[in-house]
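Enquirer: Sharing input-v5.json here; it has JSON, C-alpha atoms and all ligand atoms.
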```json
[["chain", "number", "residue", "atom", "x", "y", "z"],
["A", 1, "MET", "CA", 0.00, 0.00, 0.00],
["A", 2, "LYS", "CA", 1.26, 3.43, -0.90],
["A", 3, "LYS", "CA", 2.03, 5.69, 2.03],
["A", 4, "LEU", "CA", 0.29, 8.92, 2.93],
["A", 5, "TYR", "CA", 2.09, 11.66, 4.87],
["A", 6, "SER", "CA", 0.68, 14.93, 6.11],
["A", 7, "ALA", "CA", 2.91, 17.96, 5.77],
["A", 8, "LEU", "CA", 2.78, 19.20, 9.35],
["A", 9, "MET", "CA", 1.66, 22.78, 9.90],
["A", 10, "THR", "CA", 3.13, 25.13, 12.47],
["A", 11, "ALA", "CA", 0.53, 26.69, 14.75],
["A", 12, "PHE", "CA", 1.12, 30.33, 15.66],
["A", 13, "ASN", "CA", -0.52, 32.64, 18.16],
["A", 14, "GLU", "CA", -2.04, 35.99, 17.13],
["A", 15, "ASP", "CA", 1.26, 37.69, 18.07],
["A", 16, "ASP", "CA", 3.14, 35.34, 15.67],
["A", 17, "SER", "CA", 4.81, 33.36, 18.46],
["A", 18, "ILE", "CA", 4.79, 29.56, 18.15],
["A", 19, "ASN", "CA", 1.77, 27.82, 19.63],
["A", 20, "GLU", "CA", 3.20, 24.54, 20.93],
["A", 21, "GLN", "CA", -0.09, 23.11, 22.05],
["A", 22, "GLY", "CA", -1.60, 23.71, 18.60],
["A", 23, "ILE", "CA", 1.21, 21.75, 16.94],
["A", 24, "ARG", "CA", 0.71, 18.89, 19.38],
["A", 25, "GLU", "CA", -3.02, 18.82, 18.66],
["A", 26, "MET", "CA", -2.42, 18.63, 14.92],
["A", 27, "VAL", "CA", 0.09, 15.81, 15.36],
["A", 28, "ARG", "CA", -2.40, 13.90, 17.52],
["A", 29, "TYR", "CA", -5.21, 14.40, 15.01],
["A", 30, "ASN", "CA", -3.01, 13.03, 12.26],
["A", 31, "ILE", "CA", -2.17, 9.95, 14.29],
["A", 32, "ASP", "CA", -5.48, 9.25, 16.05],
["A", 33, "VAL", "CA", -8.03, 10.32, 13.45],
["A", 34, "ASN", "CA", -6.25, 10.40, 10.10],
["A", 35, "LYS", "CA", -4.26, 7.23, 10.87],
["A", 36, "ILE", "CA", -1.55, 8.79, 8.80],
["A", 37, "ASP", "CA", 1.60, 6.84, 7.85],
["A", 38, "GLY", "CA", 3.89, 9.71, 8.62],
["A", 39, "LEU", "CA", 4.54, 13.42, 8.96],
["A", 40, "TYR", "CA", 6.74, 15.69, 6.85],
["A", 41, "VAL", "CA", 8.03, 18.17, 9.41],
["A", 42, "GLY", "CA", 9.45, 21.57, 8.54],
["A", 43, "GLY", "CA", 8.33, 21.87, 4.92],
["A", 44, "SER", "CA", 6.49, 24.58, 3.02],
["A", 45, "THR", "CA", 3.23, 23.88, 4.83],
["A", 46, "GLY", "CA", 5.09, 24.29, 8.12],
["A", 47, "GLU", "CA", 5.93, 27.88, 7.01],
["A", 48, "SER", "CA", 9.47, 26.83, 7.89],
["A", 49, "PHE", "CA", 11.33, 29.38, 5.83],
["A", 50, "MET", "CA", 9.83, 32.03, 8.11],
["A", 51, "LEU", "CA", 11.09, 30.33, 11.28],
["A", 52, "SER", "CA", 14.35, 30.91, 13.12],
["A", 53, "THR", "CA", 16.80, 28.01, 13.46],
["A", 54, "GLU", "CA", 15.78, 27.51, 17.10],
["A", 55, "GLU", "CA", 12.09, 27.54, 16.16],
["A", 56, "ARG", "CA", 12.67, 24.95, 13.45],
["A", 57, "LYS", "CA", 14.40, 22.73, 16.02],
["A", 58, "LEU", "CA", 11.51, 23.22, 18.44],
["A", 59, "VAL", "CA", 9.02, 22.02, 15.83],
["A", 60, "TYR", "CA", 11.10, 18.87, 15.14],
["A", 61, "LYS", "CA", 11.25, 18.22, 18.88],
["A", 62, "ILE", "CA", 7.51, 18.67, 19.44],
["A", 63, "ALA", "CA", 6.66, 16.36, 16.53],
["A", 64, "TYR", "CA", 9.18, 13.78, 17.68],
["A", 65, "GLU", "CA", 7.91, 13.77, 21.27],
["A", 66, "GLU", "CA", 4.24, 13.77, 20.34],
["A", 67, "THR", "CA", 4.47, 10.95, 17.77],
["A", 68, "ALA", "CA", 6.53, 8.80, 20.17],
["A", 69, "GLY", "CA", 7.55, 6.45, 17.38],
["A", 70, "LYS", "CA", 3.96, 5.75, 16.24],
["A", 71, "VAL", "CA", 4.40, 7.09, 12.69],
["A", 72, "ASP", "CA", 7.27, 7.80, 10.28],
["A", 73, "LEU", "CA", 8.85, 11.22, 10.50],
["A", 74, "ILE", "CA", 10.80, 13.17, 7.89],
["A", 75, "ALA", "CA", 12.56, 16.39, 8.89],
["A", 76, "GLN", "CA", 12.90, 18.97, 6.10],
["A", 77, "VAL", "CA", 16.17, 20.75, 6.88],
["A", 78, "GLY", "CA", 16.79, 22.64, 3.64],
["A", 79, "SER", "CA", 17.84, 26.27, 3.77],
["A", 80, "VAL", "CA", 19.58, 28.76, 1.55],
["A", 81, "ASN", "CA", 22.01, 28.97, 4.48],
["A", 82, "LEU", "CA", 24.02, 25.73, 4.25],
["A", 83, "GLN", "CA", 25.33, 26.11, 7.80],
["A", 84, "GLU", "CA", 21.77, 26.21, 9.05],
["A", 85, "ALA", "CA", 20.81, 23.17, 6.95],
["A", 86, "LYS", "CA", 23.77, 21.21, 8.38],
["A", 87, "GLU", "CA", 22.94, 22.25, 11.94],
["A", 88, "LEU", "CA", 19.29, 21.27, 11.50],
["A", 89, "ALA", "CA", 20.20, 17.93, 9.93],
["A", 90, "LYS", "CA", 22.55, 17.13, 12.80],
["A", 91, "TYR", "CA", 19.92, 18.12, 15.33],
["A", 92, "ALA", "CA", 17.11, 16.09, 13.73],
["A", 93, "VAL", "CA", 19.27, 12.98, 13.41],
["A", 94, "ALA", "CA", 20.43, 13.29, 17.03],
["A", 95, "LEU", "CA", 16.78, 13.58, 18.12],
["A", 96, "GLY", "CA", 16.01, 10.28, 16.40],
["A", 97, "TYR", "CA", 14.67, 11.19, 12.94],
["A", 98, "LYS", "CA", 15.59, 8.38, 10.56],
["A", 99, "THR", "CA", 14.99, 10.40, 7.41],
["A", 100, "ILE", "CA", 15.73, 13.98, 6.50],
["A", 101, "SER", "CA", 14.78, 15.94, 3.42],
["A", 102, "ALA", "CA", 16.09, 19.15, 1.93],
["A", 103, "VAL", "CA", 14.90, 21.64, -0.62],
["A", 104, "PRO", "CA", 17.77, 22.67, -2.94],
["A", 105, "PRO", "CA", 19.42, 26.00, -2.07],
["A", 106, "PHE", "CA", 17.33, 28.72, -3.69],
["A", 107, "TYR", "CA", 17.28, 32.45, -4.57],
["A", 108, "TYR", "CA", 20.84, 32.78, -5.95],
["A", 109, "HIS", "CA", 20.41, 30.47, -8.96],
["A", 110, "PHE", "CA", 23.17, 28.12, -7.81],
["A", 111, "THR", "CA", 24.86, 25.85, -10.35],
["A", 112, "PHE", "CA", 24.20, 22.14, -10.26],
["A", 113, "ASP", "CA", 27.69, 21.47, -8.84],
["A", 114, "GLN", "CA", 26.95, 23.86, -6.00],
["A", 115, "ILE", "CA", 23.61, 22.13, -5.37],
["A", 116, "LYS", "CA", 25.28, 18.70, -5.35],
["A", 117, "ASN", "CA", 27.91, 19.95, -2.94],
["A", 118, "TYR", "CA", 25.14, 21.31, -0.67],
["A", 119, "TYR", "CA", 23.52, 17.86, -0.41],
["A", 120, "ASP", "CA", 26.87, 16.10, 0.09],
["A", 121, "GLN", "CA", 27.78, 18.53, 2.85],
["A", 122, "ILE", "CA", 24.45, 18.14, 4.64],
["A", 123, "LEU", "CA", 24.94, 14.37, 4.64],
["A", 124, "ALA", "CA", 28.65, 14.25, 5.44],
["A", 125, "GLY", "CA", 29.31, 12.41, 8.69],
["A", 126, "LEU", "CA", 25.62, 11.74, 9.38],
["A", 127, "ASP", "CA", 24.17, 8.26, 9.65],
["A", 128, "THR", "CA", 20.89, 9.05, 7.94],
["A", 129, "GLN", "CA", 18.97, 8.96, 4.67],
["A", 130, "LEU", "CA", 17.75, 11.93, 2.65],
["A", 131, "ILE", "CA", 14.86, 12.66, 0.33],
["A", 132, "ILE", "CA", 15.38, 15.52, -2.09],
["A", 133, "TYR", "CA", 12.57, 18.06, -1.88],
["A", 134, "SER", "CA", 11.90, 19.07, -5.47],
["A", 135, "ILE", "CA", 9.42, 21.95, -5.70],
["A", 136, "PRO", "CA", 10.48, 24.05, -8.71],
["A", 137, "ALA", "CA", 7.48, 26.39, -8.60],
["A", 138, "LEU", "CA", 8.51, 27.73, -5.20],
["A", 139, "SER", "CA", 12.26, 27.06, -5.04],
["A", 140, "GLY", "CA", 12.97, 28.12, -8.62],
["A", 141, "VAL", "CA", 15.24, 25.07, -8.95],
["A", 142, "THR", "CA", 14.41, 22.56, -11.66],
["A", 143, "LEU", "CA", 16.45, 19.36, -11.69],
["A", 144, "SER", "CA", 16.81, 17.27, -14.86],
["A", 145, "LEU", "CA", 16.83, 13.47, -15.05],
["A", 146, "ASP", "CA", 20.64, 13.52, -15.35],
["A", 147, "GLU", "CA", 20.91, 15.77, -12.33],
["A", 148, "PHE", "CA", 18.67, 13.50, -10.27],
["A", 149, "ALA", "CA", 20.93, 10.62, -11.37],
["A", 150, "LYS", "CA", 23.98, 12.45, -10.06],
["A", 151, "LEU", "CA", 22.30, 13.25, -6.73],
["A", 152, "PHE", "CA", 21.10, 9.64, -6.43],
["A", 153, "GLU", "CA", 24.72, 8.43, -6.74],
["A", 154, "ASN", "CA", 25.07, 9.23, -3.05],
["A", 155, "PRO", "CA", 23.63, 6.05, -1.48],
["A", 156, "LYS", "CA", 22.22, 8.10, 1.40],
["A", 157, "VAL", "CA", 19.93, 9.90, -1.06],
["A", 158, "ILE", "CA", 17.02, 7.47, -1.11],
["A", 159, "GLY", "CA", 14.51, 9.38, -3.20],
["A", 160, "VAL", "CA", 12.54, 12.50, -3.93],
["A", 161, "LYS", "CA", 9.50, 14.36, -2.68],
["A", 162, "TYR", "CA", 8.21, 15.38, -6.07],
["A", 163, "THR", "CA", 6.05, 18.53, -5.97],
["A", 164, "ASN", "CA", 6.10, 19.17, -9.67],
["A", 165, "ASN", "CA", 3.53, 18.79, -12.40],
["A", 166, "ASP", "CA", 6.01, 17.48, -14.99],
["A", 167, "PHE", "CA", 4.65, 13.96, -15.42],
["A", 168, "LEU", "CA", 7.10, 13.04, -18.17],
["A", 169, "LEU", "CA", 10.02, 13.68, -15.82],
["A", 170, "LEU", "CA", 8.23, 11.76, -13.06],
["A", 171, "GLN", "CA", 7.78, 8.77, -15.35],
["A", 172, "ARG", "CA", 11.43, 8.98, -16.45],
["A", 173, "ILE", "CA", 12.64, 9.08, -12.83],
["A", 174, "ARG", "CA", 10.46, 6.08, -11.93],
["A", 175, "ALA", "CA", 11.72, 4.06, -14.89],
["A", 176, "ALA", "CA", 15.37, 4.92, -14.35],
["A", 177, "PHE", "CA", 15.41, 4.47, -10.55],
["A", 178, "PRO", "CA", 13.01, 1.72, -9.52],
["A", 179, "GLU", "CA", 14.83, 1.37, -6.18],
["A", 180, "LYS", "CA", 14.39, 5.02, -5.16],
["A", 181, "VAL", "CA", 11.41, 6.31, -3.19],
["A", 182, "ILE", "CA", 9.09, 8.83, -4.84],
["A", 183, "TYR", "CA", 6.52, 10.74, -2.80],
["A", 184, "PHE", "CA", 4.24, 12.92, -4.86],
["A", 185, "GLY", "CA", 3.39, 16.39, -3.55],
["A", 186, "THR", "CA", 0.60, 17.97, -5.56],
["A", 187, "ASP", "CA", -2.50, 16.74, -3.75],
["A", 188, "GLU", "CA", -4.93, 17.83, -6.49],
["A", 189, "MET", "CA", -3.06, 15.67, -9.05],
["A", 190, "LEU", "CA", -2.66, 12.53, -6.96],
["A", 191, "ILE", "CA", -4.86, 10.53, -9.34],
["A", 192, "SER", "CA", -2.54, 11.34, -12.26],
["A", 193, "ALA", "CA", 0.57, 10.29, -10.33],
["A", 194, "LEU", "CA", -0.75, 6.99, -8.99],
["A", 195, "PRO", "CA", -0.38, 5.06, -12.28],
["A", 196, "LEU", "CA", 3.21, 6.29, -12.58],
["A", 197, "GLY", "CA", 4.33, 4.11, -9.71],
["A", 198, "ILE", "CA", 4.78, 6.60, -6.90],
["A", 199, "ASP", "CA", 5.41, 5.15, -3.44],
["A", 200, "GLY", "CA", 3.05, 7.56, -1.75],
["A", 201, "ALA", "CA", 2.18, 11.19, -1.29],
["A", 202, "ILE", "CA", 3.06, 14.01, 1.07],
["A", 203, "GLY", "CA", 0.79, 17.02, 1.23],
["A", 204, "SER", "CA", -0.81, 19.83, 3.17],
["A", 205, "THR", "CA", -4.43, 18.93, 2.54],
["A", 206, "PHE", "CA", -4.03, 15.40, 3.96],
["A", 207, "ASN", "CA", -4.09, 17.05, 7.40],
["A", 208, "LEU", "CA", -7.84, 17.32, 6.82],
["A", 209, "ASN", "CA", -8.53, 15.07, 3.86],
["A", 210, "ALA", "CA", -6.50, 11.95, 4.62],
["A", 211, "LYS", "CA", -9.45, 9.58, 4.82],
["A", 212, "ARG", "CA", -10.67, 10.51, 1.35],
["A", 213, "ALA", "CA", -7.14, 10.36, -0.10],
["A", 214, "LYS", "CA", -6.56, 6.95, 1.45],
["A", 215, "ALA", "CA", -9.86, 5.69, 0.07],
["A", 216, "GLU", "CA", -8.80, 6.95, -3.35],
["A", 217, "ILE", "CA", -5.49, 5.11, -3.14],
["A", 218, "ALA", "CA", -7.27, 1.94, -1.98],
["A", 219, "ALA", "CA", -9.77, 2.18, -4.86],
["A", 220, "PHE", "CA", -6.95, 2.71, -7.33],
["A", 221, "GLU", "CA", -5.01, -0.27, -5.98],
["A", 222, "ALA", "CA", -8.15, -2.42, -6.15],
["A", 223, "GLY", "CA", -8.56, -1.47, -9.81],
["A", 224, "ASP", "CA", -11.69, 0.62, -9.20],
["A", 225, "ILE", "CA", -10.45, 3.56, -11.25],
["A", 226, "LYS", "CA", -13.91, 5.12, -11.59],
["A", 227, "GLN", "CA", -14.26, 5.35, -7.81],
["A", 228, "ALA", "CA", -10.68, 6.66, -7.45],
["A", 229, "PHE", "CA", -11.47, 9.48, -9.89],
["A", 230, "ALA", "CA", -14.78, 10.22, -8.15],
["A", 231, "LEU", "CA", -12.94, 10.64, -4.84],
["A", 232, "GLN", "CA", -10.27, 12.83, -6.43],
["A", 233, "ASP", "CA", -13.06, 14.99, -7.90],
["A", 234, "VAL", "CA", -14.45, 15.65, -4.42],
["A", 235, "SER", "CA", -10.94, 16.26, -3.05],
["A", 236, "ASN", "CA", -10.28, 18.72, -5.84],
["A", 237, "ASP", "CA", -13.45, 20.70, -5.11],
["A", 238, "CYS", "CA", -12.25, 20.89, -1.53],
["A", 239, "ILE", "CA", -8.61, 21.73, -2.36],
["A", 240, "LEU", "CA", -9.60, 24.45, -4.83],
["A", 241, "ASP", "CA", -11.99, 25.94, -2.25],
["A", 242, "LEU", "CA", -9.13, 25.93, 0.28],
["A", 243, "ILE", "CA", -6.79, 27.62, -2.19],
["A", 244, "ALA", "CA", -9.41, 30.26, -3.02],
["A", 245, "ASN", "CA", -9.81, 30.93, 0.73],
["A", 246, "ASP", "CA", -5.99, 31.25, 1.30],
["A", 247, "ILE", "CA", -4.80, 27.70, 1.87],
["A", 248, "TYR", "CA", -2.47, 27.65, 4.90],
["A", 249, "PRO", "CA", -4.56, 29.87, 7.21],
["A", 250, "SER", "CA", -7.69, 28.12, 5.96],
["A", 251, "LEU", "CA", -6.43, 24.62, 6.71],
["A", 252, "LYS", "CA", -5.98, 25.83, 10.29],
["A", 253, "LEU", "CA", -9.42, 27.44, 10.38],
["A", 254, "VAL", "CA", -11.04, 24.21, 9.22],
["A", 255, "PHE", "CA", -9.07, 22.38, 11.92],
["A", 256, "GLU", "CA", -10.62, 24.80, 14.44],
["A", 257, "GLU", "CA", -14.07, 23.79, 13.17],
["A", 258, "MET", "CA", -13.09, 20.20, 13.98],
["A", 259, "GLY", "CA", -12.11, 21.15, 17.51],
["A", 260, "VAL", "CA", -8.36, 21.08, 16.80],
["A", 261, "HIS", "CA", -6.74, 24.31, 18.02],
["A", 262, "ALA", "CA", -4.40, 24.89, 15.11],
["A", 263, "GLY", "CA", -3.80, 28.59, 15.69],
["A", 264, "CYS", "CA", -3.03, 30.86, 12.78],
["A", 265, "SER", "CA", -0.29, 31.52, 10.21],
["A", 266, "ARG", "CA", 2.71, 33.81, 10.67],
["A", 267, "ALA", "CA", 2.98, 37.20, 8.95],
["A", 268, "PRO", "CA", 3.46, 37.94, 6.13],
["A", 269, "MET", "CA", 0.84, 35.17, 5.75],
["A", 270, "SER", "CA", -2.66, 36.55, 6.41],
["A", 271, "LYS", "CA", -4.47, 36.52, 9.70],
["A", 272, "PRO", "CA", -8.06, 35.26, 9.40],
["A", 273, "THR", "CA", -10.66, 37.76, 8.30],
["A", 274, "PRO", "CA", -14.40, 37.27, 8.93],
["A", 275, "GLU", "CA", -14.74, 36.28, 5.25],
["A", 276, "MET", "CA", -12.01, 33.62, 5.59],
["A", 277, "ARG", "CA", -13.65, 32.27, 8.73],
["A", 278, "ALA", "CA", -16.98, 32.03, 6.93],
["A", 279, "GLY", "CA", -15.28, 30.33, 3.96],
["A", 280, "ALA", "CA", -13.57, 27.80, 6.23],
["A", 281, "LYS", "CA", -16.85, 27.02, 8.01],
["A", 282, "LYS", "CA", -18.43, 26.34, 4.65],
["A", 283, "ILE", "CA", -15.54, 24.07, 3.61],
["A", 284, "TYR", "CA", -15.85, 22.17, 6.87],
["A", 285, "GLN", "CA", -19.60, 21.71, 6.46],
["A", 286, "GLN", "CA", -19.37, 20.72, 2.81],
["A", 287, "TYR", "CA", -16.49, 18.22, 2.98],
["A", 288, "PHE", "CA", -15.86, 17.13, 6.56],
["A", 289, "ALA", "CA", -18.99, 17.42, 8.76],
["B", 1, "LIG", "O1", 4.99, 21.09, 3.44],
["B", 1, "LIG", "C1", 5.41, 20.74, 2.35],
["B", 1, "LIG", "O2", 6.57, 20.95, 2.03],
["B", 1, "LIG", "C2", 4.52, 20.09, 1.39],
["B", 1, "LIG", "O3", 4.09, 19.00, 1.55],
["B", 1, "LIG", "C3", 4.23, 20.80, 0.22],
["B", 1, "LIG", "C4", 3.10, 20.14, -0.60],
["B", 1, "LIG", "O4", 3.64, 19.66, -1.77],
["B", 1, "LIG", "C5", 2.06, 21.20, -0.81],
["B", 1, "LIG", "N1", 2.64, 22.25, -1.62],
["B", 1, "LIG", "C6", 2.72, 23.47, -1.14],
["B", 1, "LIG", "C7", 3.41, 24.46, -2.00],
["B", 1, "LIG", "O5", 2.25, 23.81, -0.09],
["B", 1, "LIG", "C8", 0.83, 20.63, -1.43],
["B", 1, "LIG", "O6", 0.27, 19.74, -0.51],
["B", 1, "LIG", "C9", -0.17, 21.74, -1.77],
["B", 1, "LIG", "O7", -0.42, 22.55, -0.64],
["B", 1, "LIG", "C10", -1.48, 21.16, -2.26],
["B", 1, "LIG", "O8", -1.24, 20.30, -3.33],
["B", 1, "LIG", "C11", -2.45, 22.27, -2.68],
["B", 1, "LIG", "O9", -2.00, 22.91, -3.84]]
```
Written as structure tokens, that's how I'd like the structure from this file.
Ligand code: SI3
Expert:
Amino acid sequence: MKKLYSALMTAFNEDDSINEQGIREMVRYNIDVNKIDGLYVGGSTGESFMLSTEERKLVYKIAYEETAGKVDLIAQVGSVNLQEAKELAKYAVALGYKTISAVPPFYYHFTFDQIKNYYDQILAGLDTQLIIYSIPALSGVTLSLDEFAKLFENPKVIGVKYTNNDFLLLQRIRAAFPEKVIYFGTDEMLISALPLGIDGAIGSTFNLNAKRAKAEIAAFEAGDIKQAFALQDVSNDCILDLIANDIYPSLKLVFEEMGVHAGCSRAPMSKPTPEMRAGAKKIYQQYFA
């Protein structure tokens, strides 16, 4: 069975400080209600690039303590600051994370050799495994098949979290590297990635929509393609409504409707407006009540 991971969100208070209890509640919901296979900690959905190094460590620690070994954990340690990425990787591994992940260094349009060196340096001296976090739309870094091949030469690089809508490249990676792990990251296109042999998916909307996504995967694996598409259609209505309502704050607002105190997002992300609250209530009632 393919695995489903939620990309863990970071709960903030109104004053933008970290809301520890909110993070714990979201972790618990993912374990107890979603029966999730794992959590991707410190990714885009975690608003991690707006956190200090110490705050990023705190989030790894909370997730590690609260899961207590019940589900898989992946710590996203990537940063444009290599020293920070190395420090975070060391910290996560020392805490007990078995897998780390890293977005390529961004903003400065680094060469491929510089990107390869970044991954090698993060991994040097660490007894761990790493999943490349490929998200070209946000990082601005697009890796080719040959470049993935070069990164995969390091045996500690076990695969890729593929948040990219290039299905030809996805198919080429799958065919060329059957032994590597591929987790797909565009929730609204899960149905299109399933036939390409992905090993699972990691996404923000699974925090709320895991049951439906799991049912879709089960239907697909049972050969009931019509049902799998029908479930994806409902998920897509929900995901597009979330996006239209400002996705990260809205995921947290819908959590609130479920009794999970997920707090809010950190500026410059938006704080909830009355319209967003009304939109989230509607999303809750339509897809989750
Ligand atoms: O937290 C993470 O790094 C993710 O899992 C990212 C994940 O791929 C999400 N992408 C972004 C940019 O947030 C998706 O789950 C995305 O929110 C979803 O497909 C809706 O577009």
Enquirer: If you count all atoms listed in the file, which residues fall within 10 Å of A:Thr128, apart from same-chain ones fewer than 4 positions away, as a PDB file with C-alpha atoms, in the frame of the given file?
Expert:
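Dumped to result-v7.pdb:
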```pdb
ATOM      1  CA  ALA A  89      20.200  17.930   9.930  1.00  0.00           C
ATOM      2  CA  LYS A  90      22.550  17.130  12.800  1.00  0.00           C
ATOM      3  CA  ALA A  92      17.110  16.090  13.730  1.00  0.00           C
ATOM      4  CA  VAL A  93      19.270  12.980  13.410  1.00  0.00           C
ATOM      5  CA  GLY A  96      16.010  10.280  16.400  1.00  0.00           C
ATOM      6  CA  TYR A  97      14.670  11.190  12.940  1.00  0.00           C
ATOM      7  CA  LYS A  98      15.590   8.380  10.560  1.00  0.00           C
ATOM      8  CA  THR A  99      14.990  10.400   7.410  1.00  0.00           C
ATOM      9  CA  ILE A 100      15.730  13.980   6.500  1.00  0.00           C
ATOM     10  CA  LEU A 123      24.940  14.370   4.640  1.00  0.00           C
ATOM     11  CA  ALA A 124      28.650  14.250   5.440  1.00  0.00           C
ATOM     12  CA  LYS A 156      22.220   8.100   1.400  1.00  0.00           C
ATOM     13  CA  VAL A 157      19.930   9.900  -1.060  1.00  0.00           C
ATOM     14  CA  ILE A 158      17.020   7.470  -1.110  1.00  0.00           C
TER      15      ILE A 158
END
```
Enquirer: Neighbouring residues of stretch 264-275 of chain A were defined as those with any atom within 8 Å, considering all atoms listed in the file; residues of the same chain fewer than 6 positions away were excluded. Please report them as a VMD selection string.
Expert: chain A and resid 10 to 14 16 47 50 248 to 250 252 to 253
Enquirer: Pull C-alpha atoms from the residues just selected and write them as an mmCIF file, in the frame of the given file.
Expert:
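Printed below is part18.cif as written:
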```cif
data_model
loop_
_atom_site.group_PDB
_atom_site.id
_atom_site.type_symbol
_atom_site.label_atom_id
_atom_site.label_comp_id
_atom_site.auth_asym_id
_atom_site.auth_seq_id
_atom_site.Cartn_x
_atom_site.Cartn_y
_atom_site.Cartn_z
ATOM 1 C CA THR A 10 3.130 25.130 12.470
ATOM 2 C CA ALA A 11 0.530 26.690 14.750
ATOM 3 C CA PHE A 12 1.120 30.330 15.660
ATOM 4 C CA ASN A 13 -0.520 32.640 18.160
ATOM 5 C CA GLU A 14 -2.040 35.990 17.130
ATOM 6 C CA ASP A 16 3.140 35.340 15.670
ATOM 7 C CA GLU A 47 5.930 27.880 7.010
ATOM 8 C CA MET A 50 9.830 32.030 8.110
ATOM 9 C CA TYR A 248 -2.470 27.650 4.900
ATOM 10 C CA PRO A 249 -4.560 29.870 7.210
ATOM 11 C CA SER A 250 -7.690 28.120 5.960
ATOM 12 C CA LYS A 252 -5.980 25.830 10.290
ATOM 13 C CA LEU A 253 -9.420 27.440 10.380
#
```
Enquirer: List the spatial neighbours of A:Tyr40 as a ChimeraX atom specification - criterion: any atom at most 6 Å away, all atoms listed in the file, same-chain residues fewer than 4 positions off excluded.
Expert: /A:7-8,74
Enquirer: Pull the closest atom pair for each residue of chain A that gets at most 6 Å from ligand LIG 1 (chain B), along with the distance in Å to one decimal, counting all atoms listed in the file, ordering rows by chain and then ascending residue number, as JSON lines.
Expert:
```
{"residue": "A:Ala7", "atom": "CA", "partner": "B:LIG1", "partner_atom": "O1", "distance": 4.4}
{"residue": "A:Gly43", "atom": "CA", "partner": "B:LIG1", "partner_atom": "O2", "distance": 3.5}
{"residue": "A:Ser44", "atom": "CA", "partner": "B:LIG1", "partner_atom": "O2", "distance": 3.8}
{"residue": "A:Thr45", "atom": "CA", "partner": "B:LIG1", "partner_atom": "O1", "distance": 3.6}
{"residue": "A:Gly46", "atom": "CA", "partner": "B:LIG1", "partner_atom": "O1", "distance": 5.7}
{"residue": "A:Thr163", "atom": "CA", "partner": "B:LIG1", "partner_atom": "O4", "distance": 5.0}
{"residue": "A:Gly185", "atom": "CA", "partner": "B:LIG1", "partner_atom": "O4", "distance": 3.7}
{"residue": "A:Thr186", "atom": "CA", "partner": "B:LIG1", "partner_atom": "O8", "distance": 3.7}
{"residue": "A:Asp187", "atom": "CA", "partner": "B:LIG1", "partner_atom": "O8", "distance": 3.8}
{"residue": "A:Glu188", "atom": "CA", "partner": "B:LIG1", "partner_atom": "O8", "distance": 5.5}
{"residue": "A:Ile202", "atom": "CA", "partner": "B:LIG1", "partner_atom": "O3", "distance": 5.1}
{"residue": "A:Gly203", "atom": "CA", "partner": "B:LIG1", "partner_atom": "O6", "distance": 3.3}
{"residue": "A:Ser204", "atom": "CA", "partner": "B:LIG1", "partner_atom": "O6", "distance": 3.8}
{"residue": "A:Thr205", "atom": "CA", "partner": "B:LIG1", "partner_atom": "O6", "distance": 5.7}
```
Enquirer: Can you tell me which residues surround stretch 80-88 of chain A at a distance of at most 8 Å, considering all atoms listed in the file, apart from same-chain residues fewer than 4 positions away, and format the answer as a PyMOL selection string?
Expert: chain A and resi 53+56-57+92+102+104-107+118+121-123
Enquirer: Quote the spacing between atom CA of A:Leu251 and atom CA of A:Ala193 in Å to one decimal place.
Expert: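 Going from atom CA of A:Leu251 over to atom CA of A:Ala193, I get 23.3 Å.
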Enquirer: Hey, which of A:Leu190, A:Ala278, A:Ala68, A:Ile62 ends up closest to A:Lys214? Count only C-alpha atoms.
Expert: A:Leu190
Enquirer: Nearest residue to A:Leu242 out of A:Ala280, A:Ile173, A:Leu194, A:Leu95, using all atoms listed in the file?
Expert: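 Closest candidate: A:Ala280.
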Enquirer: Ranking A:Gly78, A:Gly200, A:Pro195, A:Gly159 by minimum distance to A:Val181 and counting only C-alpha atoms, which one comes first?
Expert: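 Of all the options, A:Gly159 lies closest to A:Val181.
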Enquirer: May I ask which of the residues A:Asp199, A:Glu221, A:Asp146, A:Asp72 is the closest one to A:Ile36, counting only C-alpha atoms?
Expert: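 Counting only C-alpha atoms, the residue closest to A:Ile36 is A:Asp72.
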Enquirer: To one decimal in Å, tell me the separation between atom CA of A:Phe229 and atom CA of A:Ile191.
Expert: 6.7 Å
Enquirer: Would you mind reading off the distance between atom CA of A:Ile217 and atom CA of A:Val260, one decimal, in Å?
Expert: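 Atom CA of A:Val260 lies at a distance of 25.7 Å from atom CA of A:Ile217.
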Enquirer: Please determine, counting all atoms listed in the file, which residue among A:Lys282, A:Asp120, A:Met258, A:Met189 has the shortest atom-to-atom distance to A:Asn236.
Expert: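 Of all the options, A:Met189 lies closest to A:Asn236.
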Enquirer: Mind giving me the axis-aligned box for stretch 159-175 of chain A with 3 Å on every side, centre plus edges in Å to one decimal, as JSON?
Expert:
```
{"center_x": 9.0, "center_y": 11.6, "center_z": -10.4, "size_x": 17.0, "size_y": 21.1, "size_z": 21.5}
```
Enquirer: Counting all atoms listed in the file, what is within 12 Å of A:Leu169, bar same-chain residues fewer than 6 positions away, as a ChimeraX atom specification?
Expert: /A:134,142-148,162-163,175-177,193,196
Enquirer: A:Ala94, A:Leu208, A:Ile198, A:Ala63: which is nearest A:Tyr183, counting only C-alpha atoms?
Expert: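 So, comparing all the options, the nearest one is A:Ile198.
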